[in-house]
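Asks: One file is attached below, my_file_18.pdb, containing PDB, C-alpha atoms and all ligand atoms.
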```pdb
ATOM      1  CA  MET A1488    -158.482  15.569  34.627  1.00  0.00           C
ATOM      2  CA  ARG A1489    -161.364  18.040  34.559  1.00  0.00           C
ATOM      3  CA  GLY A1490    -163.337  18.970  37.660  1.00  0.00           C
ATOM      4  CA  VAL A1491    -166.060  16.933  39.271  1.00  0.00           C
ATOM      5  CA  TYR A1492    -168.669  18.795  41.302  1.00  0.00           C
ATOM      6  CA  ILE A1493    -171.071  16.986  43.601  1.00  0.00           C
ATOM      7  CA  ILE A1494    -174.235  18.714  44.764  1.00  0.00           C
ATOM      8  CA  SER A1495    -176.438  17.191  47.468  1.00  0.00           C
ATOM      9  CA  ALA A1496    -179.402  18.518  49.384  1.00  0.00           C
ATOM     10  CA  PRO A1497    -182.406  17.244  51.273  1.00  0.00           C
ATOM     11  CA  SER A1498    -185.613  17.320  49.237  1.00  0.00           C
ATOM     12  CA  GLY A1499    -187.327  20.687  49.532  1.00  0.00           C
ATOM     13  CA  SER A1500    -184.136  22.741  49.817  1.00  0.00           C
ATOM     14  CA  GLY A1501    -184.499  24.213  46.324  1.00  0.00           C
ATOM     15  CA  LYS A1502    -181.618  22.286  44.765  1.00  0.00           C
ATOM     16  CA  SER A1503    -183.218  21.619  41.367  1.00  0.00           C
ATOM     17  CA  THR A1504    -183.976  25.296  40.727  1.00  0.00           C
ATOM     18  CA  LEU A1505    -180.465  26.290  41.781  1.00  0.00           C
ATOM     19  CA  VAL A1506    -178.794  23.637  39.653  1.00  0.00           C
ATOM     20  CA  ASP A1507    -180.962  24.463  36.606  1.00  0.00           C
ATOM     21  CA  ARG A1508    -180.138  28.168  36.843  1.00  0.00           C
ATOM     22  CA  VAL A1509    -176.416  27.618  37.346  1.00  0.00           C
ATOM     23  CA  ARG A1510    -176.263  25.257  34.369  1.00  0.00           C
ATOM     24  CA  GLN A1511    -177.608  28.097  32.233  1.00  0.00           C
ATOM     25  CA  ILE A1512    -174.986  30.628  33.331  1.00  0.00           C
ATOM     26  CA  VAL A1513    -171.800  28.594  33.819  1.00  0.00           C
ATOM     27  CA  SER A1514    -170.339  27.274  30.587  1.00  0.00           C
ATOM     28  CA  GLY A1515    -168.265  24.110  30.246  1.00  0.00           C
ATOM     29  CA  LEU A1516    -170.411  22.005  32.556  1.00  0.00           C
ATOM     30  CA  LYS A1517    -171.718  18.560  31.718  1.00  0.00           C
ATOM     31  CA  PHE A1518    -174.655  17.421  33.800  1.00  0.00           C
ATOM     32  CA  SER A1519    -174.719  13.735  34.623  1.00  0.00           C
ATOM     33  CA  ILE A1520    -178.116  12.188  33.931  1.00  0.00           C
ATOM     34  CA  SER A1521    -178.612   9.403  36.442  1.00  0.00           C
ATOM     35  CA  TYR A1522    -180.259   6.035  35.982  1.00  0.00           C
ATOM     36  CA  THR A1523    -183.129   5.273  38.315  1.00  0.00           C
ATOM     37  CA  THR A1524    -185.714   2.606  38.991  1.00  0.00           C
ATOM     38  CA  ARG A1525    -188.225   5.140  40.290  1.00  0.00           C
ATOM     39  CA  PRO A1526    -191.120   5.721  37.907  1.00  0.00           C
ATOM     40  CA  PRO A1527    -191.153   9.058  36.044  1.00  0.00           C
ATOM     41  CA  ARG A1528    -193.201  11.867  37.591  1.00  0.00           C
ATOM     42  CA  ALA A1529    -195.622  13.894  35.491  1.00  0.00           C
ATOM     43  CA  GLY A1530    -193.649  16.020  33.021  1.00  0.00           C
ATOM     44  CA  GLU A1531    -190.422  14.032  33.352  1.00  0.00           C
ATOM     45  CA  LYS A1532    -188.901  12.657  30.154  1.00  0.00           C
ATOM     46  CA  ASN A1533    -186.648   9.628  29.743  1.00  0.00           C
ATOM     47  CA  GLY A1534    -183.103  10.807  29.014  1.00  0.00           C
ATOM     48  CA  ARG A1535    -183.745  14.362  30.238  1.00  0.00           C
ATOM     49  CA  GLU A1536    -184.213  14.227  34.048  1.00  0.00           C
ATOM     50  CA  TYR A1537    -183.219  10.558  34.344  1.00  0.00           C
ATOM     51  CA  TYR A1538    -182.929   7.334  32.422  1.00  0.00           C
ATOM     52  CA  PHE A1539    -185.867   5.388  33.795  1.00  0.00           C
ATOM     53  CA  ILE A1540    -185.099   1.677  33.841  1.00  0.00           C
ATOM     54  CA  SER A1541    -186.378  -1.463  35.561  1.00  0.00           C
ATOM     55  CA  ARG A1542    -184.790  -3.040  38.643  1.00  0.00           C
ATOM     56  CA  ALA A1543    -183.623  -5.970  36.509  1.00  0.00           C
ATOM     57  CA  GLU A1544    -181.918  -3.587  34.066  1.00  0.00           C
ATOM     58  CA  PHE A1545    -180.332  -1.650  36.926  1.00  0.00           C
ATOM     59  CA  GLU A1546    -179.020  -4.831  38.539  1.00  0.00           C
ATOM     60  CA  GLN A1547    -177.622  -5.916  35.195  1.00  0.00           C
ATOM     61  CA  MET A1548    -175.747  -2.587  34.958  1.00  0.00           C
ATOM     62  CA  ILE A1549    -174.370  -3.149  38.498  1.00  0.00           C
ATOM     63  CA  ARG A1550    -173.082  -6.574  37.455  1.00  0.00           C
ATOM     64  CA  GLN A1551    -171.455  -5.074  34.371  1.00  0.00           C
ATOM     65  CA  ASP A1552    -169.729  -2.489  36.579  1.00  0.00           C
ATOM     66  CA  GLU A1553    -171.294   0.402  34.686  1.00  0.00           C
ATOM     67  CA  PHE A1554    -171.737   2.632  37.728  1.00  0.00           C
ATOM     68  CA  LEU A1555    -169.309   5.081  39.226  1.00  0.00           C
ATOM     69  CA  GLU A1556    -171.632   5.063  42.244  1.00  0.00           C
ATOM     70  CA  TYR A1557    -175.152   3.956  43.038  1.00  0.00           C
ATOM     71  CA  ALA A1558    -177.423   3.951  46.059  1.00  0.00           C
ATOM     72  CA  ASP A1559    -180.849   3.052  47.312  1.00  0.00           C
ATOM     73  CA  VAL A1560    -182.722   6.297  47.924  1.00  0.00           C
ATOM     74  CA  PHE A1561    -186.302   6.175  49.251  1.00  0.00           C
ATOM     75  CA  GLY A1562    -186.560   2.519  48.140  1.00  0.00           C
ATOM     76  CA  ASN A1563    -185.407   3.046  44.553  1.00  0.00           C
ATOM     77  CA  TYR A1564    -182.017   2.622  42.933  1.00  0.00           C
ATOM     78  CA  TYR A1565    -180.213   5.701  41.609  1.00  0.00           C
ATOM     79  CA  GLY A1566    -176.818   5.572  39.900  1.00  0.00           C
ATOM     80  CA  THR A1567    -174.234   7.579  37.987  1.00  0.00           C
ATOM     81  CA  ALA A1568    -172.819   5.829  34.933  1.00  0.00           C
ATOM     82  CA  HIS A1569    -169.027   5.788  34.430  1.00  0.00           C
ATOM     83  CA  ARG A1570    -169.521   6.933  30.872  1.00  0.00           C
ATOM     84  CA  PHE A1571    -170.519  10.461  31.942  1.00  0.00           C
ATOM     85  CA  LEU A1572    -167.094  10.997  33.460  1.00  0.00           C
ATOM     86  CA  SER A1573    -165.253   9.839  30.340  1.00  0.00           C
ATOM     87  CA  GLU A1574    -167.592  11.846  28.087  1.00  0.00           C
ATOM     88  CA  ALA A1575    -166.991  14.996  30.163  1.00  0.00           C
ATOM     89  CA  GLU A1576    -163.248  14.479  29.860  1.00  0.00           C
ATOM     90  CA  GLN A1577    -163.477  13.975  26.099  1.00  0.00           C
ATOM     91  CA  GLU A1578    -165.615  17.104  25.755  1.00  0.00           C
ATOM     92  CA  GLY A1579    -163.227  19.100  27.981  1.00  0.00           C
ATOM     93  CA  LYS A1580    -166.022  19.857  30.454  1.00  0.00           C
ATOM     94  CA  ASP A1581    -166.459  19.656  34.214  1.00  0.00           C
ATOM     95  CA  LEU A1582    -168.936  17.060  35.427  1.00  0.00           C
ATOM     96  CA  LEU A1583    -171.810  18.120  37.677  1.00  0.00           C
ATOM     97  CA  LEU A1584    -173.481  15.423  39.768  1.00  0.00           C
ATOM     98  CA  ASP A1585    -176.760  15.896  41.611  1.00  0.00           C
ATOM     99  CA  ILE A1586    -176.666  12.906  43.966  1.00  0.00           C
ATOM    100  CA  ASP A1587    -177.550  11.980  47.520  1.00  0.00           C
ATOM    101  CA  VAL A1588    -175.231  11.806  50.554  1.00  0.00           C
ATOM    102  CA  GLN A1589    -174.460   8.083  50.047  1.00  0.00           C
ATOM    103  CA  GLY A1590    -173.433   8.643  46.421  1.00  0.00           C
ATOM    104  CA  ALA A1591    -171.381  11.702  47.386  1.00  0.00           C
ATOM    105  CA  ALA A1592    -169.387   9.644  49.899  1.00  0.00           C
ATOM    106  CA  GLN A1593    -168.691   6.978  47.254  1.00  0.00           C
ATOM    107  CA  ILE A1594    -167.485   9.555  44.714  1.00  0.00           C
ATOM    108  CA  LYS A1595    -165.235  11.244  47.307  1.00  0.00           C
ATOM    109  CA  ARG A1596    -163.600   7.887  48.014  1.00  0.00           C
ATOM    110  CA  LYS A1597    -162.969   7.267  44.316  1.00  0.00           C
ATOM    111  CA  ILE A1598    -162.190  10.842  43.274  1.00  0.00           C
ATOM    112  CA  PRO A1599    -160.828  12.673  46.354  1.00  0.00           C
ATOM    113  CA  GLU A1600    -160.312  15.921  44.416  1.00  0.00           C
ATOM    114  CA  ALA A1601    -164.042  16.104  43.565  1.00  0.00           C
ATOM    115  CA  VAL A1602    -165.590  19.259  45.016  1.00  0.00           C
ATOM    116  CA  SER A1603    -168.685  18.694  47.126  1.00  0.00           C
ATOM    117  CA  ILE A1604    -171.388  21.209  47.897  1.00  0.00           C
ATOM    118  CA  PHE A1605    -174.256  20.719  50.342  1.00  0.00           C
ATOM    119  CA  ILE A1606    -177.345  22.868  50.042  1.00  0.00           C
ATOM    120  CA  LEU A1607    -179.295  23.578  53.201  1.00  0.00           C
ATOM    121  CA  PRO A1608    -182.706  25.153  53.662  1.00  0.00           C
ATOM    122  CA  PRO A1609    -182.567  28.306  55.848  1.00  0.00           C
ATOM    123  CA  ASN A1610    -184.390  26.524  58.694  1.00  0.00           C
ATOM    124  CA  ARG A1611    -186.687  23.626  59.462  1.00  0.00           C
ATOM    125  CA  THR A1612    -189.885  25.679  59.336  1.00  0.00           C
ATOM    126  CA  GLU A1613    -189.022  26.899  55.836  1.00  0.00           C
ATOM    127  CA  LEU A1614    -188.263  23.353  54.653  1.00  0.00           C
ATOM    128  CA  GLU A1615    -191.594  22.150  56.028  1.00  0.00           C
ATOM    129  CA  LYS A1616    -193.357  25.027  54.275  1.00  0.00           C
ATOM    130  CA  ARG A1617    -191.630  24.214  50.959  1.00  0.00           C
ATOM    131  CA  LEU A1618    -192.483  20.525  51.249  1.00  0.00           C
ATOM    132  CA  ARG A1619    -196.122  21.384  51.902  1.00  0.00           C
ATOM    133  CA  THR A1620    -196.495  23.903  49.079  1.00  0.00           C
ATOM    134  CA  ARG A1621    -194.742  21.860  46.407  1.00  0.00           C
ATOM    135  CA  SER A1622    -196.548  18.579  46.861  1.00  0.00           C
ATOM    136  CA  LEU A1623    -199.829  16.969  47.649  1.00  0.00           C
ATOM    137  CA  ASP A1624    -198.101  14.517  49.958  1.00  0.00           C
ATOM    138  CA  ALA A1625    -200.004  13.198  52.933  1.00  0.00           C
ATOM    139  CA  GLU A1626    -198.972  14.503  56.343  1.00  0.00           C
ATOM    140  CA  GLU A1627    -197.262  11.210  57.110  1.00  0.00           C
ATOM    141  CA  VAL A1628    -195.140  11.466  53.940  1.00  0.00           C
ATOM    142  CA  ILE A1629    -194.168  15.045  54.756  1.00  0.00           C
ATOM    143  CA  GLN A1630    -193.093  14.001  58.253  1.00  0.00           C
ATOM    144  CA  ARG A1631    -191.056  11.123  56.790  1.00  0.00           C
ATOM    145  CA  ARG A1632    -189.332  13.493  54.356  1.00  0.00           C
ATOM    146  CA  LEU A1633    -188.527  15.832  57.250  1.00  0.00           C
ATOM    147  CA  VAL A1634    -186.926  13.030  59.249  1.00  0.00           C
ATOM    148  CA  THR A1635    -184.930  11.907  56.173  1.00  0.00           C
ATOM    149  CA  ALA A1636    -183.868  15.523  55.564  1.00  0.00           C
ATOM    150  CA  SER A1637    -182.683  15.801  59.152  1.00  0.00           C
ATOM    151  CA  ARG A1638    -180.587  12.658  58.834  1.00  0.00           C
ATOM    152  CA  GLU A1639    -179.058  13.824  55.558  1.00  0.00           C
ATOM    153  CA  ILE A1640    -178.263  17.192  57.097  1.00  0.00           C
ATOM    154  CA  GLU A1641    -176.163  15.437  59.735  1.00  0.00           C
ATOM    155  CA  LYS A1642    -173.734  14.613  56.908  1.00  0.00           C
ATOM    156  CA  TYR A1643    -173.083  18.284  56.138  1.00  0.00           C
ATOM    157  CA  CYS A1644    -169.577  18.143  57.625  1.00  0.00           C
ATOM    158  CA  GLU A1645    -168.430  15.696  54.933  1.00  0.00           C
ATOM    159  CA  TYR A1646    -168.823  18.410  52.292  1.00  0.00           C
ATOM    160  CA  ASP A1647    -166.335  21.062  51.159  1.00  0.00           C
ATOM    161  CA  TYR A1648    -168.875  23.867  50.821  1.00  0.00           C
ATOM    162  CA  ILE A1649    -172.211  24.623  52.455  1.00  0.00           C
ATOM    163  CA  LEU A1650    -174.749  26.829  50.821  1.00  0.00           C
ATOM    164  CA  VAL A1651    -177.711  28.032  52.849  1.00  0.00           C
ATOM    165  CA  ASN A1652    -180.432  28.580  50.271  1.00  0.00           C
ATOM    166  CA  ASP A1653    -182.205  31.545  51.778  1.00  0.00           C
ATOM    167  CA  ARG A1654    -182.475  34.053  48.910  1.00  0.00           C
ATOM    168  CA  LEU A1655    -182.427  32.382  45.491  1.00  0.00           C
ATOM    169  CA  GLU A1656    -180.467  35.017  43.539  1.00  0.00           C
ATOM    170  CA  GLU A1657    -177.749  35.160  46.216  1.00  0.00           C
ATOM    171  CA  SER A1658    -177.548  31.362  46.285  1.00  0.00           C
ATOM    172  CA  ILE A1659    -177.182  31.208  42.500  1.00  0.00           C
ATOM    173  CA  ASP A1660    -174.368  33.736  42.690  1.00  0.00           C
ATOM    174  CA  ALA A1661    -172.665  31.808  45.518  1.00  0.00           C
ATOM    175  CA  LEU A1662    -172.921  28.486  43.692  1.00  0.00           C
ATOM    176  CA  LYS A1663    -171.583  30.018  40.485  1.00  0.00           C
ATOM    177  CA  SER A1664    -168.679  31.520  42.486  1.00  0.00           C
ATOM    178  CA  ILE A1665    -167.788  28.140  44.013  1.00  0.00           C
ATOM    179  CA  LEU A1666    -167.714  26.428  40.609  1.00  0.00           C
ATOM    180  CA  LEU A1667    -165.635  29.168  38.973  1.00  0.00           C
ATOM    181  CA  ALA A1668    -163.292  29.705  41.949  1.00  0.00           C
ATOM    182  CA  GLU A1669    -162.527  25.999  42.042  1.00  0.00           C
ATOM    183  CA  ARG A1670    -161.643  26.152  38.348  1.00  0.00           C
ATOM    184  CA  LEU A1671    -159.224  28.983  39.060  1.00  0.00           C
ATOM    185  CA  MET A1672    -157.601  27.051  41.909  1.00  0.00           C
ATOM    186  CA  ARG A1673    -157.197  23.830  39.948  1.00  0.00           C
ATOM    187  CA  PRO A1674    -153.603  22.818  39.189  1.00  0.00           C
ATOM    188  CA  GLY A1675    -152.691  24.106  35.768  1.00  0.00           C
ATOM    189  CA  ALA A1676    -155.088  27.080  35.954  1.00  0.00           C
ATOM    190  CA  GLN A1677    -153.652  30.533  35.332  1.00  0.00           C
ATOM    191  CA  GLY A1678    -151.245  31.852  37.967  1.00  0.00           C
ATOM    192  CA  GLN A1679    -152.241  34.184  40.777  1.00  0.00           C
ATOM    193  CA  LYS A1680    -150.514  37.170  39.174  1.00  0.00           C
ATOM    194  CA  GLN A1681    -152.901  37.132  36.244  1.00  0.00           C
ATOM    195  CA  ARG A1682    -156.033  37.085  38.400  1.00  0.00           C
ATOM    196  CA  SER A1683    -158.465  39.883  37.745  1.00  0.00           C
ATOM    197  CA  ALA A1684    -160.484  41.801  40.348  1.00  0.00           C
ATOM    198  CA  ASP A1685    -163.525  39.720  39.287  1.00  0.00           C
ATOM    199  CA  ASP A1686    -161.615  36.510  39.959  1.00  0.00           C
ATOM    200  CA  THR A1687    -160.603  37.736  43.411  1.00  0.00           C
ATOM    201  CA  ASP A1688    -164.197  38.709  44.115  1.00  0.00           C
ATOM    202  CA  LEU A1689    -165.636  35.326  43.198  1.00  0.00           C
ATOM    203  CA  MET A1690    -162.917  33.525  45.148  1.00  0.00           C
ATOM    204  CA  ALA A1691    -163.886  35.559  48.214  1.00  0.00           C
ATOM    205  CA  LYS A1692    -167.571  34.692  47.695  1.00  0.00           C
ATOM    206  CA  ALA A1693    -166.730  30.995  47.419  1.00  0.00           C
ATOM    207  CA  GLU A1694    -164.525  31.163  50.492  1.00  0.00           C
ATOM    208  CA  ARG A1695    -167.464  32.434  52.564  1.00  0.00           C
ATOM    209  CA  CYS A1696    -169.287  29.137  51.842  1.00  0.00           C
ATOM    210  CA  ARG A1697    -166.377  26.915  52.803  1.00  0.00           C
ATOM    211  CA  LEU A1698    -167.325  24.503  55.620  1.00  0.00           C
ATOM    212  CA  SER A1699    -164.829  25.987  58.070  1.00  0.00           C
ATOM    213  CA  ASN A1700    -166.311  29.461  57.501  1.00  0.00           C
ATOM    214  CA  VAL A1701    -169.985  28.618  57.952  1.00  0.00           C
ATOM    215  CA  ARG A1702    -169.934  26.390  61.025  1.00  0.00           C
ATOM    216  CA  GLU A1703    -171.188  29.101  63.370  1.00  0.00           C
ATOM    217  CA  ARG A1704    -173.976  30.221  61.050  1.00  0.00           C
ATOM    218  CA  LEU A1705    -175.172  26.623  60.803  1.00  0.00           C
ATOM    219  CA  GLN A1706    -175.678  26.035  64.505  1.00  0.00           C
ATOM    220  CA  PRO A1707    -179.285  27.325  64.778  1.00  0.00           C
ATOM    221  CA  ILE A1708    -180.266  25.555  61.536  1.00  0.00           C
ATOM    222  CA  LEU A1709    -178.823  22.245  62.709  1.00  0.00           C
ATOM    223  CA  ALA A1710    -180.386  22.611  66.147  1.00  0.00           C
ATOM    224  CA  SER A1711    -183.867  22.937  64.639  1.00  0.00           C
ATOM    225  CA  PHE A1712    -183.359  19.696  62.693  1.00  0.00           C
ATOM    226  CA  GLU A1713    -182.036  17.730  65.658  1.00  0.00           C
ATOM    227  CA  LYS A1714    -185.483  18.040  67.216  1.00  0.00           C
ATOM    228  CA  VAL A1715    -187.040  16.414  64.128  1.00  0.00           C
ATOM    229  CA  VAL A1716    -184.669  13.447  64.319  1.00  0.00           C
ATOM    230  CA  ALA A1717    -185.470  13.038  67.995  1.00  0.00           C
ATOM    231  CA  ARG A1718    -189.202  13.040  67.294  1.00  0.00           C
ATOM    232  CA  GLY A1719    -188.861  10.671  64.292  1.00  0.00           C
ATOM    233  CA  GLY A1720    -186.839   8.192  66.329  1.00  0.00           C
ATOM    234  CA  ARG A1721    -183.623   6.493  65.285  1.00  0.00           C
TER
HETATM  235  P1  LIG A1801    -185.730  12.477  43.070  1.00  0.00           P
HETATM  236  O1  LIG A1801    -186.338  11.132  42.961  1.00  0.00           O
HETATM  237  O2  LIG A1801    -186.508  13.397  43.965  1.00  0.00           O
HETATM  238  O3  LIG A1801    -185.417  13.091  41.723  1.00  0.00           O
HETATM  239  O4  LIG A1801    -184.299  12.298  43.777  1.00  0.00           O
HETATM  240  C1  LIG A1801    -184.189  11.712  45.022  1.00  0.00           C
HETATM  241  C2  LIG A1801    -182.754  11.792  45.493  1.00  0.00           C
HETATM  242  O5  LIG A1801    -181.906  10.950  44.700  1.00  0.00           O
HETATM  243  C3  LIG A1801    -182.118  13.180  45.434  1.00  0.00           C
HETATM  244  O6  LIG A1801    -181.465  13.406  46.683  1.00  0.00           O
HETATM  245  C4  LIG A1801    -181.102  13.061  44.329  1.00  0.00           C
HETATM  246  O7  LIG A1801    -179.984  13.923  44.538  1.00  0.00           O
HETATM  247  C5  LIG A1801    -180.702  11.624  44.445  1.00  0.00           C
HETATM  248  N1  LIG A1801    -180.068  11.114  43.226  1.00  0.00           N
HETATM  249  C6  LIG A1801    -180.384  11.408  41.936  1.00  0.00           C
HETATM  250  N2  LIG A1801    -179.577  10.753  41.095  1.00  0.00           N
HETATM  251  C7  LIG A1801    -178.708  10.049  41.863  1.00  0.00           C
HETATM  252  C8  LIG A1801    -177.607   9.178  41.563  1.00  0.00           C
HETATM  253  O8  LIG A1801    -177.241   8.910  40.422  1.00  0.00           O
HETATM  254  N3  LIG A1801    -176.967   8.626  42.627  1.00  0.00           N
HETATM  255  C9  LIG A1801    -177.325   8.880  43.922  1.00  0.00           C
HETATM  256  N4  LIG A1801    -176.597   8.310  44.882  1.00  0.00           N
HETATM  257  N5  LIG A1801    -178.337   9.695  44.232  1.00  0.00           N
HETATM  258  C10 LIG A1801    -179.033  10.259  43.214  1.00  0.00           C
END
```
Is it possible to give me this structure as structure tokens?

Replies:
Amino acid sequence: MRGVYIISAPSGSGKSTLVDRVRQIVSGLKFSISYTTRPPRAGEKNGREYYFISRAEFEQMIRQDEFLEYADVFGNYYGTAHRFLSEAEQEGKDLLLDIDVQGAAQIKRKIPEAVSIFILPPNRTELEKRLRTRSLDAEEVIQRRLVTASREIEKYCEYDYILVNDRLEESIDALKSILLAERLMRPGAQGQKQRSADDTDLMAKAERCRLSNVRERLQPILASFEKVVARGGR
């Protein structure tokens, strides 16, 4: 079986830009286009960002067992169709999923060898700034997104890799390294003896993002978000 990569992040952490850039530079990746019941935003096209369908259509797909995973996110359904996994296998590509923390947990249960990556903003203030500059959301909506982000961030320890998206170019390089290093480590990949200096370098870069190696660096980031959860109430 080919690789499955899961990428999750709270809204405002710069995930879309990162994923778009990495898709351009890493070959052999198939991006799963999700189904959703949320209406398209300006500039979004059916079949490109998402397949936009009605609730009735989505529920019909659930009944027909067409989803590998699905979840209710911000009041709308989002789901990954099984067919993307089989298509990726047929095409000899790795599957890249951009899904929320609920979907990630479902995939990990079904495909334990899937590699999961959580993207974090550098701190709460930066996330708040990004949420304010990117949207015309009312203050109340921004505060709600911050509370949701804080709750999602609590799930960071369920992921294999954590990427703090501070400087974009460095984050792109780190994400690329994780994807390629995991390919090298996959059973059946070329043996260690044949590894080049470049391979060793990207494996070291990926290793720096492994959960066990970032825990300390995360403490101040997590602490700033705990305050938001406390204020938002549980
Ligand atoms: P947005 O509506 O802003 O594009 O996405 C909202 C959230 O839904 C994001 O966290 C995104 O990762 C998540 N999402 C997108 N597609 C799927 C999916 O197929 N399954 C799940 N579980 N989450 C998804």

Asks: Segment 1557-1610 of chain A near segment 1519-1522 of chain A within 6 Å: what's each residue's closest atom pair and its distance in Å to one decimal, counting all atoms listed in the file, ordered by chain then ascending residue number, as JSON lines?

Replies:
```
{"residue": "A:Tyr1565", "atom": "CA", "partner": "A:Tyr1522", "partner_atom": "CA", "distance": 5.6}
{"residue": "A:Gly1566", "atom": "CA", "partner": "A:Tyr1522", "partner_atom": "CA", "distance": 5.2}
{"residue": "A:Thr1567", "atom": "CA", "partner": "A:Ser1521", "partner_atom": "CA", "distance": 5.0}
{"residue": "A:Phe1571", "atom": "CA", "partner": "A:Ser1519", "partner_atom": "CA", "distance": 6.0}
{"residue": "A:Leu1584", "atom": "CA", "partner": "A:Ser1519", "partner_atom": "CA", "distance": 5.6}
```

Asks: Quick one: residues within 8 Å of ligand LIG 1801 (chain A), with all atoms listed in the file, as a ChimeraX atom specification?

Replies: /A:1494-1498,1519-1523,1525,1536-1537,1556-1561,1564-1568,1584-1591

Asks: Any idea what's packed within 12 Å of Arg1489 of chain A, counting only C-alpha atoms, ignoring anything in its chain fewer than 4 positions away? Could you give it as a ChimeraX atom specification?

Replies: /A:1515-1517,1572-1583,1598,1600-1602,1669-1670,1673-1676

Asks: Restricted to C-alpha atoms, what would the selected residues look like written as a compact mmCIF listing (two decimals), in the coordinates of the input?

Replies:
```txt
# COMPACT_ATOMS: atom_id res chain seq x y z
CA GLY A 1515 -168.26 24.11 30.25
CA LEU A 1516 -170.41 22.00 32.56
CA LYS A 1517 -171.72 18.56 31.72
CA LEU A 1572 -167.09 11.00 33.46
CA SER A 1573 -165.25 9.84 30.34
CA GLU A 1574 -167.59 11.85 28.09
CA ALA A 1575 -166.99 15.00 30.16
CA GLU A 1576 -163.25 14.48 29.86
CA GLN A 1577 -163.48 13.98 26.10
CA GLU A 1578 -165.62 17.10 25.76
CA GLY A 1579 -163.23 19.10 27.98
CA LYS A 1580 -166.02 19.86 30.45
CA ASP A 1581 -166.46 19.66 34.21
CA LEU A 1582 -168.94 17.06 35.43
CA LEU A 1583 -171.81 18.12 37.68
CA ILE A 1598 -162.19 10.84 43.27
CA GLU A 1600 -160.31 15.92 44.42
CA ALA A 1601 -164.04 16.10 43.56
CA VAL A 1602 -165.59 19.26 45.02
CA GLU A 1669 -162.53 26.00 42.04
CA ARG A 1670 -161.64 26.15 38.35
CA ARG A 1673 -157.20 23.83 39.95
CA PRO A 1674 -153.60 22.82 39.19
CA GLY A 1675 -152.69 24.11 35.77
CA ALA A 1676 -155.09 27.08 35.95
```

Asks: Taking (-162.9, 24.1, 48.0) in the file's coordinates, which residues come within 8 Å, counting only C-alpha atoms, written as a PyMOL selection string?

Replies: chain A and resi 1602-1603+1647-1648+1665+1669+1693-1694+1697

Asks: Just write the chosen residues, C-alpha atoms, as a PDB file, in the frame of the given file.

Replies:
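Listing of part.pdb after writing:
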```
ATOM      1  CA  VAL A1602    -165.590  19.259  45.016  1.00  0.00           C
ATOM      2  CA  SER A1603    -168.685  18.694  47.126  1.00  0.00           C
ATOM      3  CA  ASP A1647    -166.335  21.062  51.159  1.00  0.00           C
ATOM      4  CA  TYR A1648    -168.875  23.867  50.821  1.00  0.00           C
ATOM      5  CA  ILE A1665    -167.788  28.140  44.013  1.00  0.00           C
ATOM      6  CA  GLU A1669    -162.527  25.999  42.042  1.00  0.00           C
ATOM      7  CA  ALA A1693    -166.730  30.995  47.419  1.00  0.00           C
ATOM      8  CA  GLU A1694    -164.525  31.163  50.492  1.00  0.00           C
ATOM      9  CA  ARG A1697    -166.377  26.915  52.803  1.00  0.00           C
TER      10      ARG A1697
END
```

Asks: Measuring between all atoms listed in the file, which one of A:Cys1644, A:Leu1655, A:Met1548, A:Val1634 shows the shortest distance to Arg1508 of chain A?

Replies: A:Leu1655

Asks: For atom CA of Glu1645 of chain A and atom CA of Val1506 of chain A, quote the distance in Å rounded to one decimal.

Replies: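 Computed distance, atom CA of Glu1645 of chain A to atom CA of Val1506 of chain A, equals 20.1 Å.
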
Asks: In Å, how far is it from atom CA of Glu1713 of chain A to atom CA of Phe1605 of chain A?

Replies: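 Separation of atom CA of Glu1713 of chain A and atom CA of Phe1605 of chain A: 17.4 Å.
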
Asks: Just the number, please: distance in Å from atom CA of Arg1654 of chain A to atom CA of Leu1505 of chain A, one decimal.

Replies: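 Separating atom CA of Arg1654 of chain A from atom CA of Leu1505 of chain A is a distance of 10.7 Å.
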
Asks: Mind telling me what the PyMOL selection byres (((chain A and resi 1688) around 12) and not hetatm) catches here, as a compact mmCIF listing (two decimals) with C-alpha atoms, in the frame of the given file?

Replies:
```txt
# COMPACT_ATOMS: atom_id res chain seq x y z
CA ASP A 1660 -174.37 33.74 42.69
CA ALA A 1661 -172.66 31.81 45.52
CA LYS A 1663 -171.58 30.02 40.48
CA SER A 1664 -168.68 31.52 42.49
CA ILE A 1665 -167.79 28.14 44.01
CA LEU A 1667 -165.64 29.17 38.97
CA ALA A 1668 -163.29 29.70 41.95
CA ARG A 1682 -156.03 37.08 38.40
CA SER A 1683 -158.46 39.88 37.74
CA ALA A 1684 -160.48 41.80 40.35
CA ASP A 1685 -163.52 39.72 39.29
CA ASP A 1686 -161.62 36.51 39.96
CA THR A 1687 -160.60 37.74 43.41
CA LEU A 1689 -165.64 35.33 43.20
CA MET A 1690 -162.92 33.52 45.15
CA ALA A 1691 -163.89 35.56 48.21
CA LYS A 1692 -167.57 34.69 47.70
CA ALA A 1693 -166.73 31.00 47.42
CA GLU A 1694 -164.52 31.16 50.49
CA ARG A 1695 -167.46 32.43 52.56
```

Asks: I need the output of the PyMOL selection byres (((chain A and resi 1636) around 9) and not hetatm) for this file as a list in words; which residues are they?

Replies: Ala1496, Pro1497, Ser1498, Gly1499, Arg1631, Arg1632, Leu1633, Val1634, Thr1635, Ser1637, Arg1638, Glu1639, Ile1640, Glu1641 and Phe1712 of chain A

Asks: Write the residues of the selection above to a file with C-alpha atoms, as a short mmCIF file (atom, residue, chain, number, x, y, z; two decimals), in the frame of the given file.

Replies:
```cif
data_model
loop_
_atom_site.label_atom_id
_atom_site.label_comp_id
_atom_site.auth_asym_id
_atom_site.auth_seq_id
_atom_site.Cartn_x
_atom_site.Cartn_y
_atom_site.Cartn_z
CA ALA A 1496 -179.40 18.52 49.38
CA PRO A 1497 -182.41 17.24 51.27
CA SER A 1498 -185.61 17.32 49.24
CA GLY A 1499 -187.33 20.69 49.53
CA ARG A 1631 -191.06 11.12 56.79
CA ARG A 1632 -189.33 13.49 54.36
CA LEU A 1633 -188.53 15.83 57.25
CA VAL A 1634 -186.93 13.03 59.25
CA THR A 1635 -184.93 11.91 56.17
CA SER A 1637 -182.68 15.80 59.15
CA ARG A 1638 -180.59 12.66 58.83
CA GLU A 1639 -179.06 13.82 55.56
CA ILE A 1640 -178.26 17.19 57.10
CA GLU A 1641 -176.16 15.44 59.74
CA PHE A 1712 -183.36 19.70 62.69
#
```
